[in-house]
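What follows is one structure encoded as structure tokens, with my remarks underneath.
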Amino acid sequence: HQVREVLFGQAIRVQAGLHQAHATKATCTGTARTQVGQEHPVGVADDPTLANPLQRQRMLSTEWFGCVFELEGALVKARDAEHRASWMRLAKEREQTPPPEMVLKFASTMKPEDFVSRQLRWTRDPMEVRRLVQRRAEIYEEILEEQIVQALEKGSTPPPRDELLPGVLPFLRLMKQARVPMAATCGTKTFRAACDALEKLEILEFFANERNPQGEPNVVSSEDVSDWLPDPLPIERAAQLMDRTTKRCVVFGDNNTVTEAATECGAKSVLLLGR
């Protein structure tokens, strides 16, 4: 009996030692994985490897989403007719053949520089392309001024240059209250012109970026990327400014190029049609 009790006690101690060894190994393995920095799946909200429960709770809240708005079409009324008229008037100034409708449909979905060189094929000289784009912008402003003068001559109220679409301001306030970062994109304006337009609309504060050392807002223009929609570069740039992955972003626009670009980079898209 004494020998049996001794052997039984030794077996229990050995088994306890094995359990302790397995537990120590599992702990060391988990610690090693944490220290190595195991890759977290892109776009997944929860991260079990985080030791801070408050950080995990924030990642499951609305703060870790991002909203991307097209300036023309989502925030303000799109002026496709004015843009096309400006290109037609520029062609007349250059004594060029008026571009057909099938070419003009790309005027609002491409970078102006690419539209001149790839669709109109007027020139490939970078300096001349820049001059034409600048002149086109001046003609666009002249057309808007002419609309105001014509309205005043008829005795009617002149149309506003840019006016927020109904429901935009309450939605922006709601997103800011939920601490959701936002970005604006515009392929027909320069960065400075887009910022000035947002400032005149009194909504530039919603796109502020405190992490930017230059204090620049979350605005993406045709100057910031090499290509425009349906290429996903503008959306990816906006997500980078907001410090969000594209899979956690929602893009608001008014044409199918937004859906194509959002689908390619894994973002969600919302089309505002018939506004």
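Residues are named by chain letter and number: chains run A, B, ... in the order of the structure tokens, numbers start at 1 in each chain, and ligands are numbered from 1 in the order shown.
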Members of range 34-263 of chain A assigned strand (DSSP E) by DSSP, as a count of residues only: 18
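Those residues that approach range 221-236 of chain A to within 8 Å, counting only C-alpha atoms, are Val68, Thr109, Met110, Lys111, Pro112, Thr185, Cys186, Gly187, Thr188, Lys189, Thr190, Phe191, Ala194, Gln240, Thr246, Val251, Thr257, Val258, Glu260, Ala261, Ala262, Glu264 and Cys265 of chain A; same-chain residues fewer than 4 positions away are not listed.
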Using only C-alpha atoms, can you tell me which of A:Arg237, A:Arg244, A:Arg136, A:Lys200 comes closest to Met59 in chain A?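 With only C-alpha atoms as the atom set, the closest residue is A:Arg244.
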Taking only C-alpha atoms into account, which of A:Val129, A:Cys67, A:Ala81, A:Leu201 comes nearest Leu241 in chain A?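 Distance minimum relative to Leu241 in chain A lands on A:Cys67.
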Let's see if you can do this: from backbone DSSP, list all alpha helix (DSSP H) residues in range 14-224 of chain A, as a PyMOL selection string. chain A and resi 14-36+53-59+80-93+101-104+112-114+126-153+168-177+191-200
I'd like the interatomic distance between CA of Gln96 in chain A and CA of Ala193 in chain A, to a tenth of an Å.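 Between CA of Gln96 in chain A and CA of Ala193 in chain A the gap is 27.9 Å.
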Produce a table with one row for each residue of range 55-137 of chain A that has an atom at most 8 Å from any atom of range 164-172 of chain A, each row naming the nearest atom pair and its distance in Å at one decimal; use only C-alpha atoms; arrange rows by chain and rising residue number; format as CSV.
```
residue,atom,partner,partner_atom,distance
A:Ala74,CA,A:Leu165,CA,7.6
A:Leu75,CA,A:Leu164,CA,5.7
A:Val76,CA,A:Leu164,CA,4.7
A:Lys77,CA,A:Leu165,CA,6.5
```
Can I get the selected residues back with all heavy atoms, as a PDB file, in the first residue's frame?
```pdb
ATOM      1  N   ALA A  74     -22.906  65.221 -54.716  1.00  0.00           N
ATOM      2  CA  ALA A  74     -23.295  64.731 -53.395  1.00  0.00           C
ATOM      3  C   ALA A  74     -23.499  65.868 -52.407  1.00  0.00           C
ATOM      4  O   ALA A  74     -24.427  65.826 -51.597  1.00  0.00           O
ATOM      5  CB  ALA A  74     -22.244  63.760 -52.855  1.00  0.00           C
ATOM      6  N   LEU A  75     -22.631  66.881 -52.456  1.00  0.00           N
ATOM      7  CA  LEU A  75     -22.758  68.018 -51.540  1.00  0.00           C
ATOM      8  C   LEU A  75     -23.496  69.184 -52.189  1.00  0.00           C
ATOM      9  O   LEU A  75     -24.359  69.805 -51.556  1.00  0.00           O
ATOM     10  CB  LEU A  75     -21.373  68.471 -51.064  1.00  0.00           C
ATOM     11  CG  LEU A  75     -20.553  67.431 -50.297  1.00  0.00           C
ATOM     12  CD1 LEU A  75     -19.198  67.993 -49.926  1.00  0.00           C
ATOM     13  CD2 LEU A  75     -21.295  66.975 -49.044  1.00  0.00           C
ATOM     14  N   VAL A  76     -23.144  69.503 -53.418  1.00  0.00           N
ATOM     15  CA  VAL A  76     -23.810  70.581 -54.155  1.00  0.00           C
ATOM     16  C   VAL A  76     -24.322  70.015 -55.476  1.00  0.00           C
ATOM     17  O   VAL A  76     -23.940  68.917 -55.889  1.00  0.00           O
ATOM     18  CB  VAL A  76     -22.865  71.776 -54.412  1.00  0.00           C
ATOM     19  CG1 VAL A  76     -22.365  72.347 -53.105  1.00  0.00           C
ATOM     20  CG2 VAL A  76     -21.695  71.356 -55.296  1.00  0.00           C
ATOM     21  N   LYS A  77     -25.161  70.785 -56.131  1.00  0.00           N
ATOM     22  CA  LYS A  77     -25.734  70.357 -57.398  1.00  0.00           C
ATOM     23  C   LYS A  77     -24.654  70.257 -58.458  1.00  0.00           C
ATOM     24  O   LYS A  77     -23.824  71.148 -58.609  1.00  0.00           O
ATOM     25  CB  LYS A  77     -26.813  71.354 -57.841  1.00  0.00           C
ATOM     26  CG  LYS A  77     -27.476  70.992 -59.162  1.00  0.00           C
ATOM     27  CD  LYS A  77     -28.502  72.034 -59.557  1.00  0.00           C
ATOM     28  CE  LYS A  77     -29.133  71.704 -60.909  1.00  0.00           C
ATOM     29  NZ  LYS A  77     -30.116  72.735 -61.311  1.00  0.00           N
TER      30      LYS A  77
END
```
Range 120-123 of chain A environment, 8 Å, only C-alpha atoms, sequence neighbours closer than 4 positions dropped, as a list in words: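 Listing them by chain and then by number gives Pro99, Val103, Phe115, Val116, Glu128 and Val129 of chain A.
Residues with any atom within 10 Å of Leu198 in chain A, counting only C-alpha atoms and excluding same-chain neighbours fewer than 5 positions away, are Leu71, Leu75, Val76, Asp162, Leu164, Ala184, Arg192, Ala193, Ile203, Leu204, Glu205, Phe206, Phe207 and Val219 of chain A.
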I'd like to know which of A:Gly253, A:Pro181, A:Pro213, A:Pro126 is closest to Ala239 in chain A, using only C-alpha atoms.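 Of the candidates, the smallest distance to Ala239 in chain A is held by A:Pro181.
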